[in-house]
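For reference, data-v8.cif (mmCIF, C-alpha atoms and all ligand atoms):
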data_my_file
#
loop_
_atom_site.label_atom_id
_atom_site.label_comp_id
_atom_site.auth_asym_id
_atom_site.auth_seq_id
_atom_site.Cartn_x
_atom_site.Cartn_y
_atom_site.Cartn_z
CA MET W 1 -20.49 85.49 15.36
CA LYS W 2 -18.62 82.29 16.04
CA THR W 3 -15.38 84.25 16.17
CA ALA W 4 -16.84 86.69 18.69
CA ILE W 5 -17.89 83.82 20.99
CA ALA W 6 -14.45 82.24 20.67
CA VAL W 7 -12.77 85.50 21.60
CA LEU W 8 -15.09 85.99 24.57
CA LEU W 9 -14.44 82.42 25.73
CA LEU W 10 -10.70 82.96 25.41
CA ALA W 11 -10.99 86.12 27.49
CA LEU W 12 -12.93 84.26 30.19
CA LEU W 13 -10.39 81.43 30.26
CA HIS W 14 -7.63 83.95 30.46
CA GLY W 15 -9.47 85.71 33.24
CA SER W 16 -9.43 82.60 35.41
CA SER W 17 -5.66 82.20 35.11
CA PRO W 18 -4.15 83.00 38.52
CA TYR W 19 -1.11 84.63 36.92
CA TRP W 20 -3.16 86.95 34.79
CA ARG W 21 -5.42 87.77 37.72
CA HIS W 22 -2.41 88.53 39.89
CA GLU W 23 -1.03 90.95 37.32
CA ALA W 24 -4.29 92.67 36.47
CA MET W 25 -6.28 92.56 39.69
CA PRO W 26 -4.40 91.91 42.94
CA PRO W 27 -6.76 90.59 45.64
CA ALA W 28 -8.50 93.41 47.44
CA ILE W 29 -7.57 92.72 51.06
CA GLU W 30 -6.57 94.59 54.16
CA LEU W 31 -3.56 93.13 55.99
CA THR W 32 -2.86 94.18 59.57
CA TRP W 33 -0.57 92.81 62.25
CA THR W 34 0.16 93.10 65.96
CA PRO W 35 2.40 94.29 67.40
CA PRO W 36 2.43 97.15 64.86
CA GLN W 37 6.27 97.21 64.99
CA PRO W 38 7.37 93.55 64.74
CA ILE W 39 10.82 92.97 66.26
CA GLN W 40 13.53 90.48 65.24
CA GLY W 41 12.99 87.16 67.04
CA SER W 42 9.33 87.58 67.94
CA ILE W 43 5.91 86.21 67.13
CA VAL W 44 3.51 88.33 65.09
CA HIS W 45 -0.25 88.00 64.75
CA LEU W 46 -1.54 88.57 61.19
CA THR W 47 -5.11 89.49 60.27
CA VAL W 48 -6.36 89.48 56.68
CA ARG W 49 -9.72 91.00 55.87
CA PRO W 50 -11.43 91.45 52.51
CA ASP W 51 -11.47 95.13 51.55
CA THR W 52 -14.98 96.32 52.39
CA LEU W 53 -14.97 98.82 49.52
CA ASP W 54 -13.97 96.25 46.93
CA PRO W 55 -14.63 92.76 48.33
CA GLY W 56 -13.84 90.95 45.06
CA PRO W 57 -14.47 87.21 44.79
CA ASP W 58 -15.37 85.39 48.00
CA VAL W 59 -12.22 84.17 49.73
CA VAL W 60 -12.86 80.86 51.48
CA ALA W 61 -9.31 80.06 52.60
CA ILE W 62 -5.89 81.68 52.82
CA LYS W 63 -2.51 79.99 52.69
CA GLY W 64 0.64 81.80 53.67
CA VAL W 65 4.41 81.42 53.94
CA MET W 66 6.86 83.55 55.92
CA ALA W 67 10.50 82.71 56.68
CA ARG W 68 9.97 79.36 54.89
CA GLN W 69 7.30 78.35 57.41
CA ALA W 70 3.70 77.57 56.49
CA LEU W 71 1.16 79.87 58.13
CA HIS W 72 -2.12 78.47 59.42
CA PHE W 73 -4.85 81.01 58.68
CA GLU W 74 -8.22 80.35 60.25
CA PRO W 75 -11.48 82.33 60.05
CA ASP W 76 -11.71 84.91 62.86
CA GLY W 77 -15.53 84.79 62.96
CA ASN W 78 -15.60 88.36 61.74
CA GLY W 79 -15.21 87.85 58.00
CA GLY W 80 -11.43 87.82 58.24
CA PHE W 81 -8.63 85.31 58.76
CA ARG W 82 -5.86 85.22 61.36
CA ALA W 83 -2.57 83.40 61.76
CA LEU W 84 0.67 83.57 63.71
CA ALA W 85 4.10 83.93 62.11
CA GLY W 86 7.67 83.98 63.45
CA ILE W 87 10.14 86.78 62.64
CA PRO W 88 13.70 85.32 62.60
CA VAL W 89 16.25 86.86 64.95
CA ASN W 90 18.42 87.79 61.92
CA ALA W 91 15.58 89.19 59.75
CA ASN W 92 16.38 92.28 57.68
CA ASP W 93 14.40 95.51 58.02
CA SER W 94 11.47 93.93 56.20
CA ILE W 95 10.20 90.39 55.80
CA ARG W 96 8.42 88.81 52.84
CA LEU W 97 4.95 87.37 53.31
CA GLU W 98 3.43 85.23 50.54
CA LEU W 99 -0.33 84.89 50.59
CA THR W 100 -2.53 82.67 48.44
CA PHE W 101 -6.25 83.38 48.41
CA VAL W 102 -8.52 80.48 47.55
CA ASN W 103 -11.86 81.67 46.17
CA ARG W 104 -15.26 80.01 46.32
CA THR W 105 -14.87 78.96 42.69
CA GLY W 106 -11.71 77.03 43.62
CA SER W 107 -9.38 79.39 41.79
CA SER W 108 -6.56 81.02 43.71
CA GLU W 109 -4.64 84.29 43.59
CA ARG W 110 -1.21 85.08 44.98
CA SER W 111 -0.02 88.23 46.61
CA VAL W 112 3.33 89.20 48.14
CA ARG W 113 3.50 91.70 50.97
CA TYR W 114 6.32 92.97 53.20
CA LEU W 115 6.21 93.62 56.92
CA PRO W 116 8.60 96.13 58.50
CA VAL W 117 10.97 94.61 61.08
CA GLU W 118 12.62 96.50 63.91
CA ARG W 119 16.06 95.50 65.20
CA GLY W 120 16.16 93.66 68.52
CA GLU W 121 18.42 95.08 71.23
CA PHE W 122 20.76 92.17 71.85
CA THR W 123 23.71 92.47 74.24
CA THR W 124 26.92 90.39 74.62
CA ILE W 125 28.13 88.75 77.84
CA GLN W 126 31.02 86.49 78.93
CA LEU W 127 30.28 83.25 80.78
CA SER W 128 32.35 80.54 82.45
CA VAL W 129 31.14 76.95 82.23
CA ASP W 130 32.58 73.47 82.75
CA PRO W 131 35.29 73.01 80.03
CA ARG W 132 33.61 69.80 78.83
CA PHE W 133 30.89 72.01 77.31
CA VAL W 134 33.32 74.09 75.24
CA ASP W 135 35.96 71.50 74.28
CA PRO W 136 35.28 70.01 70.86
CA PRO W 137 33.01 67.05 71.56
CA ASP W 138 34.41 63.58 70.81
CA SER W 139 32.80 61.60 68.01
CA ALA W 140 30.40 59.65 70.26
CA LEU W 141 29.24 62.89 71.81
CA ARG W 142 28.86 64.50 68.38
CA VAL W 143 26.56 61.64 67.39
CA ARG W 144 24.49 62.14 70.55
CA ILE W 145 24.23 65.92 70.05
CA ALA W 146 23.25 65.49 66.38
CA ALA W 147 20.57 62.92 67.31
CA GLU W 148 19.16 65.27 69.94
CA ARG W 149 19.09 68.13 67.43
CA ASP W 150 17.29 65.86 64.95
CA SER W 151 14.60 64.93 67.47
CA VAL W 152 13.89 68.63 68.08
CA ARG W 153 13.69 69.23 64.31
CA ARG W 154 11.31 66.30 63.93
CA VAL W 155 8.81 67.48 66.58
CA THR W 156 9.09 71.02 65.22
CA ARG W 157 8.05 69.81 61.76
CA LEU W 158 5.21 67.73 63.21
CA SER W 159 3.81 70.74 65.05
CA HIS W 160 2.64 72.25 61.73
CA ALA W 161 0.19 69.29 61.46
CA THR W 162 -1.10 69.59 65.06
CA PRO W 163 -4.40 71.46 65.41
CA ARG W 164 -4.38 74.57 67.59
CA MET W 165 -4.52 73.38 71.21
CA TRP W 166 -4.96 76.71 72.98
CA SER W 167 -7.35 79.67 73.09
CA GLU W 168 -6.47 81.56 76.30
CA SER W 169 -3.47 83.87 76.62
CA PHE W 170 0.03 82.52 77.36
CA THR W 171 1.43 82.82 80.88
CA LEU W 172 4.90 82.69 82.44
CA PRO W 173 6.14 79.20 83.36
CA ARG W 174 7.31 80.61 86.69
CA ASP W 175 6.52 83.76 88.58
CA SER W 176 10.15 84.66 89.13
CA ARG W 177 12.92 87.05 88.16
CA LEU W 178 14.08 87.21 84.54
CA THR W 179 17.82 86.57 84.72
CA SER W 180 18.89 86.48 81.07
CA PRO W 181 17.09 87.85 78.01
CA PHE W 182 16.40 86.28 74.62
CA GLY W 183 18.88 87.15 71.88
CA GLN W 184 21.91 87.75 74.13
CA ARG W 185 25.24 87.00 72.42
CA ARG W 186 27.40 84.79 74.64
CA GLU W 187 31.06 83.90 74.89
CA PHE W 188 31.70 80.72 76.86
CA ASN W 189 35.12 80.70 78.59
CA GLY W 190 36.16 83.40 76.13
CA GLU W 191 35.94 80.98 73.19
CA VAL W 192 32.63 79.74 71.97
CA ARG W 193 30.10 82.24 70.79
CA SER W 194 26.40 81.49 70.75
CA LEU W 195 23.12 83.28 70.67
CA HIS W 196 20.89 82.84 73.70
CA LEU W 197 17.66 81.75 72.04
CA GLY W 198 15.58 81.56 75.20
CA THR W 199 14.58 83.51 78.28
CA ASP W 200 16.03 82.52 81.66
CA LEU W 201 13.94 82.63 84.80
CA ALA W 202 15.35 82.29 88.33
CA GLY W 203 14.59 79.24 90.46
CA GLN W 204 16.09 76.81 92.94
CA VAL W 205 16.45 73.13 92.10
CA GLY W 206 13.03 71.53 92.58
CA ALA W 207 10.96 74.71 92.11
CA PRO W 208 7.84 74.14 89.96
CA VAL W 209 7.69 74.79 86.19
CA ALA W 210 4.26 75.26 84.62
CA ALA W 211 2.98 74.81 81.06
CA THR W 212 2.52 78.30 79.58
CA ASN W 213 -0.59 77.24 77.66
CA ARG W 214 -2.60 74.18 76.69
CA ALA W 215 -0.56 71.78 74.56
CA VAL W 216 0.35 68.21 73.78
CA VAL W 217 3.71 66.98 75.10
CA ALA W 218 5.97 66.47 72.08
CA LEU W 219 9.32 65.57 73.65
CA VAL W 220 10.67 64.62 77.08
CA GLY W 221 14.37 63.90 77.46
CA ASP W 222 17.76 64.46 79.04
CA PHE W 223 19.94 66.19 76.43
CA TYR W 224 23.64 67.03 76.54
CA TYR W 225 23.34 70.83 76.30
CA ALA W 226 19.69 71.28 77.35
CA GLY W 227 19.64 68.78 80.24
CA GLY W 228 16.22 67.57 81.40
CA LEU W 229 13.65 69.00 79.02
CA VAL W 230 10.02 69.12 77.96
CA TYR W 231 8.81 70.35 74.56
CA LEU W 232 5.16 71.37 74.34
CA ASP W 233 3.34 71.48 71.00
CA HIS W 234 0.63 74.16 71.07
CA GLY W 235 -0.36 73.31 67.51
CA GLN W 236 -0.19 75.12 64.16
CA GLY W 237 3.62 75.29 64.34
CA LEU W 238 3.89 76.93 67.75
CA MET W 239 6.02 75.25 70.43
CA THR W 240 7.49 76.11 73.81
CA ALA W 241 10.26 74.25 75.64
CA TYR W 242 11.52 74.10 79.23
CA LEU W 243 15.19 73.22 79.71
CA HIS W 244 17.75 72.26 82.41
CA LEU W 245 15.01 70.55 84.46
CA SER W 246 15.83 68.31 87.45
CA ASP W 247 12.58 66.37 87.10
CA THR W 248 9.72 65.94 84.58
CA PHE W 249 6.15 64.90 85.37
CA VAL W 250 4.70 64.38 81.88
CA ALA W 251 5.03 61.89 79.04
CA VAL W 252 4.99 62.30 75.25
CA GLY W 253 1.38 62.43 74.03
CA ASP W 254 -0.07 63.85 77.26
CA THR W 255 -2.33 66.87 76.91
CA VAL W 256 -1.40 69.51 79.49
CA GLU W 257 -3.46 72.49 80.58
CA ARG W 258 -2.23 76.04 81.00
CA GLY W 259 -0.57 76.32 84.44
CA GLU W 260 -0.17 72.56 84.90
CA ILE W 261 3.14 71.66 86.61
CA ILE W 262 5.22 69.74 84.05
CA GLY W 263 8.61 69.61 85.78
CA SER W 264 11.05 71.12 88.28
CA VAL W 265 13.82 73.67 87.88
CA GLY W 266 17.27 72.10 87.72
CA ALA W 267 20.90 72.67 86.75
CA SER W 268 21.25 69.89 84.17
CA GLY W 269 23.09 70.38 80.83
CA ARG W 270 25.25 73.41 79.95
CA VAL W 271 24.49 75.81 82.81
CA THR W 272 26.22 78.09 85.27
CA GLY W 273 23.67 77.31 88.00
CA PRO W 274 20.04 76.27 88.50
CA HIS W 275 17.49 78.19 86.42
CA LEU W 276 14.76 77.63 83.87
CA HIS W 277 15.63 78.22 80.22
CA TRP W 278 12.30 78.80 78.47
CA THR W 279 12.10 78.87 74.67
CA ALA W 280 9.48 79.31 71.97
CA ARG W 281 9.56 78.66 68.25
CA TYR W 282 7.29 78.99 65.28
CA GLY W 283 8.27 75.99 63.15
CA ASP W 284 12.04 76.29 62.68
CA VAL W 285 12.10 79.94 63.78
CA PRO W 286 13.14 80.57 67.41
CA VAL W 287 11.30 83.55 68.89
CA SER W 288 11.34 85.28 72.26
CA PRO W 289 8.88 83.42 74.51
CA LEU W 290 8.00 86.75 76.12
CA SER W 291 6.48 87.80 72.79
CA LEU W 292 3.82 85.07 73.29
CA LEU W 293 2.52 86.85 76.38
CA ASP W 294 1.27 89.75 74.25
CA LEU W 295 -0.69 87.58 71.83
CA GLU W 296 -4.38 88.21 71.45
CA THR W 297 -6.49 85.26 72.50
CA PHE W 298 -7.95 82.98 69.85
CA SER W 299 -11.48 81.67 69.62
CA PRO W 300 -11.97 78.25 71.26
CA TYR W 301 -10.49 75.43 69.18
ZN ZN W 401 19.02 80.22 79.02
#
Take the structure in this file and express it as structure tokens.
Ligand SMILES: [Zn+2]
Amino acid sequence: MKTAIAVLLLALLHGSSPYWRHEAMPPAIELTWTPPQPIQGSIVHLTVRPDTLDPGPDVVAIKGVMARQALHFEPDGNGGFRALAGIPVNANDSIRLELTFVNRTGSSERSVRYLPVERGEFTTIQLSVDPRFVDPPDSALRVRIAAERDSVRRVTRLSHATPRMWSESFTLPRDSRLTSPFGQRREFNGEVRSLHLGTDLAGQVGAPVAATNRAVVALVGDFYYAGGLVYLDHGQGLMTAYLHLSDTFVAVGDTVERGEIIGSVGASGRVTGPHLHWTARYGDVPVSPLSLLDLETFSPY
């Protein structure tokens, strides 16, 4: 009798081991995403729902990782959980998604899924700019450029700890012509190659630039390549930035509303003429800002 109880107890203990559970009984969930065909360099909206036929243990929270970025799942008010994720511009034809389900009992189960990724259509163009932007920078300039890069990295990391600031859909920062697409491969003066990790919108110097959604201002500066700039932290890892500005009207820590004028179009930094360079990123992953426009709205924060 004692032996039977011991064996039963052992089986129960074994049963609560996440590894064993993962092997024997993967969490019964339904994973969906929009858009249905995620593209390289875009944002994707994930929804996880317990399988209605086999609900399994109550899931109270979900953690996730994609492209080395933490995902911020939140209840969707409909029994499921939703989060955004960024697909890198150089992603292969599928991308790994790690999910951890935390159950009511406090135990957790892991599951690995793969999302299909479609190739982006990225073109190559030749550009001519002031030689000082393609000559190897001197050491003082290298220090400046590295410091500017570090400050962007820092605010990007901090964004993962910012609560979601927005609930309405994203809008364009300007109602103007799109002059250069995200993902374009560029040769500057026939020498330097770079990937255009933003979307350019036409505008004369002084034309207004609006916040594309509610956010807290994370960075305001005048950078060597980017010129006058504003970085907006929309929370949960999502940021947008507005570059080459001639003027800025906000300060770090300000909360800005969707459509609020945050600066003016300019021609500062590495440019061929006045325009707005608009970027978006999920954590460290740059994505096409146009992909934000298609996002479903979230419940109020
Ligand atoms: Zn640009």
Could you give me, as a PDB file with C-alpha atoms, keeping the file's coordinate frame, the residues within 9 Å of Ile95 in chain W, counting all atoms listed in the file and dropping anything in the same chain fewer than 6 positions from it?
ATOM      1  CA  MET W  66       6.860  83.550  55.920  1.00  0.00           C
ATOM      2  CA  ALA W  67      10.500  82.710  56.680  1.00  0.00           C
ATOM      3  CA  ILE W  87      10.140  86.780  62.640  1.00  0.00           C
ATOM      4  CA  ARG W 113       3.500  91.700  50.970  1.00  0.00           C
ATOM      5  CA  TYR W 114       6.320  92.970  53.200  1.00  0.00           C
ATOM      6  CA  LEU W 115       6.210  93.620  56.920  1.00  0.00           C
ATOM      7  CA  PRO W 116       8.600  96.130  58.500  1.00  0.00           C
ATOM      8  CA  VAL W 117      10.970  94.610  61.080  1.00  0.00           C
TER       9      VAL W 117
END
So that each row is one residue of chain W with an atom at most 7 Å from ligand ZN 401 (chain W), can you give its shortest atom pair and the distance in Å to one decimal, using only C-alpha atoms and all ligand atoms, rows by chain and rising number, as a tab-separated table?
residue	atom	partner	partner_atom	distance
W:Ser180	CA	W:ZN401	ZN	6.6
W:His196	CA	W:ZN401	ZN	6.2
W:Gly198	CA	W:ZN401	ZN	5.3
W:Thr199	CA	W:ZN401	ZN	5.6
W:Asp200	CA	W:ZN401	ZN	4.6
W:Leu276	CA	W:ZN401	ZN	7.0
W:His277	CA	W:ZN401	ZN	4.1
W:Trp278	CA	W:ZN401	ZN	6.9
Select, counting all atoms listed in the file, all protein, DNA and RNA residues no farther than 9 Å from (15.1, 64.3, 80.6) in file coordinates, and express the selection as a list in words.
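Residues with an atom at most 9 Å from (15.1, 64.3, 80.6): Val220, Gly221, Asp222, Phe223, Ala226, Gly227, Gly228, Leu229, Val230, Leu243, His244, Leu245, Ser246, Asp247 and Thr248 of chain W.
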Same residues, C-alpha atoms, saved as a PDB file, in the frame of the given file:
ATOM      1  CA  VAL W 220      10.670  64.620  77.080  1.00  0.00           C
ATOM      2  CA  GLY W 221      14.370  63.900  77.460  1.00  0.00           C
ATOM      3  CA  ASP W 222      17.760  64.460  79.040  1.00  0.00           C
ATOM      4  CA  PHE W 223      19.940  66.190  76.430  1.00  0.00           C
ATOM      5  CA  ALA W 226      19.690  71.280  77.350  1.00  0.00           C
ATOM      6  CA  GLY W 227      19.640  68.780  80.240  1.00  0.00           C
ATOM      7  CA  GLY W 228      16.220  67.570  81.400  1.00  0.00           C
ATOM      8  CA  LEU W 229      13.650  69.000  79.020  1.00  0.00           C
ATOM      9  CA  VAL W 230      10.020  69.120  77.960  1.00  0.00           C
ATOM     10  CA  LEU W 243      15.190  73.220  79.710  1.00  0.00           C
ATOM     11  CA  HIS W 244      17.750  72.260  82.410  1.00  0.00           C
ATOM     12  CA  LEU W 245      15.010  70.550  84.460  1.00  0.00           C
ATOM     13  CA  SER W 246      15.830  68.310  87.450  1.00  0.00           C
ATOM     14  CA  ASP W 247      12.580  66.370  87.100  1.00  0.00           C
ATOM     15  CA  THR W 248       9.720  65.940  84.580  1.00  0.00           C
TER      16      THR W 248
END
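Closest approach to Ala211 in chain W from the set W:Glu98, W:Glu168, W:Glu260, W:Asp254 is made by W:Glu260, with distances taken over all atoms listed in the file.
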So that I can check the surroundings of range 77-85 of chain W, please list as a PyMOL selection string every protein, DNA and RNA residue that reaches within 6 Å of it, counting only C-alpha atoms and ignoring chain neighbours fewer than 4 positions away.
chain W and resi 43-49+72-73
Name the residues in contact with Ile145 in chain W at a cut-off of 12 Å, using all atoms listed in the file, excluding same-chain residues fewer than 5 positions from it; report them as a PyMOL selection string.
chain W and resi 133+136-140+150-152+222-227+269
Distance of CA of Val112 in chain W from CA of Thr162 in chain W, expressed in Å to one decimal place:
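These atoms are spaced 26.3 Å apart.
Going from CA of Gly206 in chain W over to CA of Ser169 in chain W, you cover 26.1 Å.
The environment of Ser176 in chain W within 12 Å, counting all atoms listed in the file and disregarding residues fewer than 3 places along the same chain, consists of Leu172, Pro173, Thr179, Thr199, Asp200, Leu201, Ala202, Gly203, Gln204, Ala207, Pro208, Val209, Ala210, Val265, His275 and Leu276 of chain W.
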Among listed residues W:Val65, W:Pro88, W:Glu296, W:Glu109, nearest Trp33 in chain W (using all atoms listed in the file)
W:Glu296
Report, in Å with one decimal, the straight-line distance from CA of Ala218 in chain W to CA of Val89 in chain W.
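Separation of CA of Ala218 in chain W and CA of Val89 in chain W: 23.9 Å.
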Could you list, as a PyMOL selection string, every residue within 9 Å of range 233-239 of chain W, counting all atoms listed in the file and ignoring same-chain residues fewer than 3 positions away?
chain W and resi 69-72+83-85+155-166+213-219+279-284
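Of the listed residues W:Ser94, W:Ser108, W:Gln126, W:Thr212, the one whose atoms come nearest to Ala61 in chain W is W:Ser108, with distances taken using only C-alpha atoms.
With all atoms listed in the file as the basis for measurement, W:Leu31 is the residue among W:Pro50, W:Thr124, W:Pro274, W:Leu31 that approaches Leu97 in chain W most closely.
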Missing atoms in range 55-82 of chain W should be modelled up to N, CA and C atoms and reported as a short mmCIF file (atom, residue, chain, number, x, y, z; two decimals), in the frame of the given file.
data_model
loop_
_atom_site.label_atom_id
_atom_site.label_comp_id
_atom_site.auth_asym_id
_atom_site.auth_seq_id
_atom_site.Cartn_x
_atom_site.Cartn_y
_atom_site.Cartn_z
N PRO W 55 -14.82 94.10 47.76
CA PRO W 55 -14.63 92.76 48.33
C PRO W 55 -14.08 91.75 47.33
N GLY W 56 -14.35 91.90 46.04
CA GLY W 56 -13.84 90.95 45.06
C GLY W 56 -14.47 89.59 45.26
N PRO W 57 -13.88 88.54 44.67
CA PRO W 57 -14.47 87.21 44.79
C PRO W 57 -14.39 86.70 46.23
N ASP W 58 -15.34 85.91 46.63
CA ASP W 58 -15.37 85.39 48.00
C ASP W 58 -14.12 84.56 48.29
N VAL W 59 -13.39 84.94 49.31
CA VAL W 59 -12.22 84.17 49.73
C VAL W 59 -12.67 83.16 50.78
N VAL W 60 -12.43 81.89 50.53
CA VAL W 60 -12.86 80.86 51.48
C VAL W 60 -11.69 80.32 52.31
N ALA W 61 -10.48 80.53 51.84
CA ALA W 61 -9.31 80.06 52.60
C ALA W 61 -8.10 80.87 52.20
N ILE W 62 -7.14 80.97 53.11
CA ILE W 62 -5.89 81.68 52.82
C ILE W 62 -4.73 80.78 53.23
N LYS W 63 -3.76 80.69 52.34
CA LYS W 63 -2.51 79.99 52.69
C LYS W 63 -1.42 81.05 52.75
N GLY W 64 -0.43 80.81 53.56
CA GLY W 64 0.64 81.80 53.67
C GLY W 64 1.97 81.15 53.97
N VAL W 65 3.05 81.87 53.63
CA VAL W 65 4.41 81.42 53.94
C VAL W 65 5.21 82.65 54.37
N MET W 66 5.91 82.51 55.49
CA MET W 66 6.86 83.55 55.92
C MET W 66 8.06 82.84 56.52
N ALA W 67 9.25 83.31 56.18
CA ALA W 67 10.50 82.71 56.68
C ALA W 67 10.50 81.19 56.46
N ARG W 68 10.02 80.77 55.30
CA ARG W 68 9.97 79.36 54.89
C ARG W 68 9.07 78.49 55.78
N GLN W 69 8.23 79.11 56.58
CA GLN W 69 7.30 78.35 57.41
C GLN W 69 5.87 78.56 56.91
N ALA W 70 5.11 77.46 56.86
CA ALA W 70 3.70 77.57 56.49
C ALA W 70 2.95 78.33 57.58
N LEU W 71 2.02 79.16 57.17
CA LEU W 71 1.16 79.87 58.13
C LEU W 71 -0.20 79.19 58.13
N HIS W 72 -0.85 79.21 59.28
CA HIS W 72 -2.12 78.47 59.42
C HIS W 72 -3.27 79.45 59.65
N PHE W 73 -3.76 80.04 58.56
CA PHE W 73 -4.85 81.01 58.68
C PHE W 73 -6.14 80.28 59.03
N GLU W 74 -6.89 80.89 59.94
CA GLU W 74 -8.22 80.35 60.25
C GLU W 74 -9.20 81.52 60.34
N PRO W 75 -10.49 81.26 60.01
CA PRO W 75 -11.48 82.33 60.05
C PRO W 75 -11.55 82.92 61.45
N ASP W 76 -11.67 84.26 61.54
CA ASP W 76 -11.71 84.91 62.86
C ASP W 76 -13.14 85.16 63.33
N GLY W 77 -14.13 84.62 62.57
CA GLY W 77 -15.53 84.79 62.96
C GLY W 77 -16.07 86.17 62.66
N ASN W 78 -15.24 86.97 62.01
CA ASN W 78 -15.60 88.36 61.74
C ASN W 78 -15.38 88.69 60.26
N GLY W 79 -15.40 87.66 59.44
CA GLY W 79 -15.21 87.85 58.00
C GLY W 79 -13.75 87.87 57.58
N GLY W 80 -12.85 87.79 58.56
CA GLY W 80 -11.43 87.82 58.24
C GLY W 80 -10.75 86.50 58.58
N PHE W 81 -9.43 86.49 58.45
CA PHE W 81 -8.63 85.31 58.76
C PHE W 81 -7.44 85.75 59.60
N ARG W 82 -6.99 84.87 60.51
CA ARG W 82 -5.86 85.22 61.36
C ARG W 82 -4.88 84.05 61.44
#
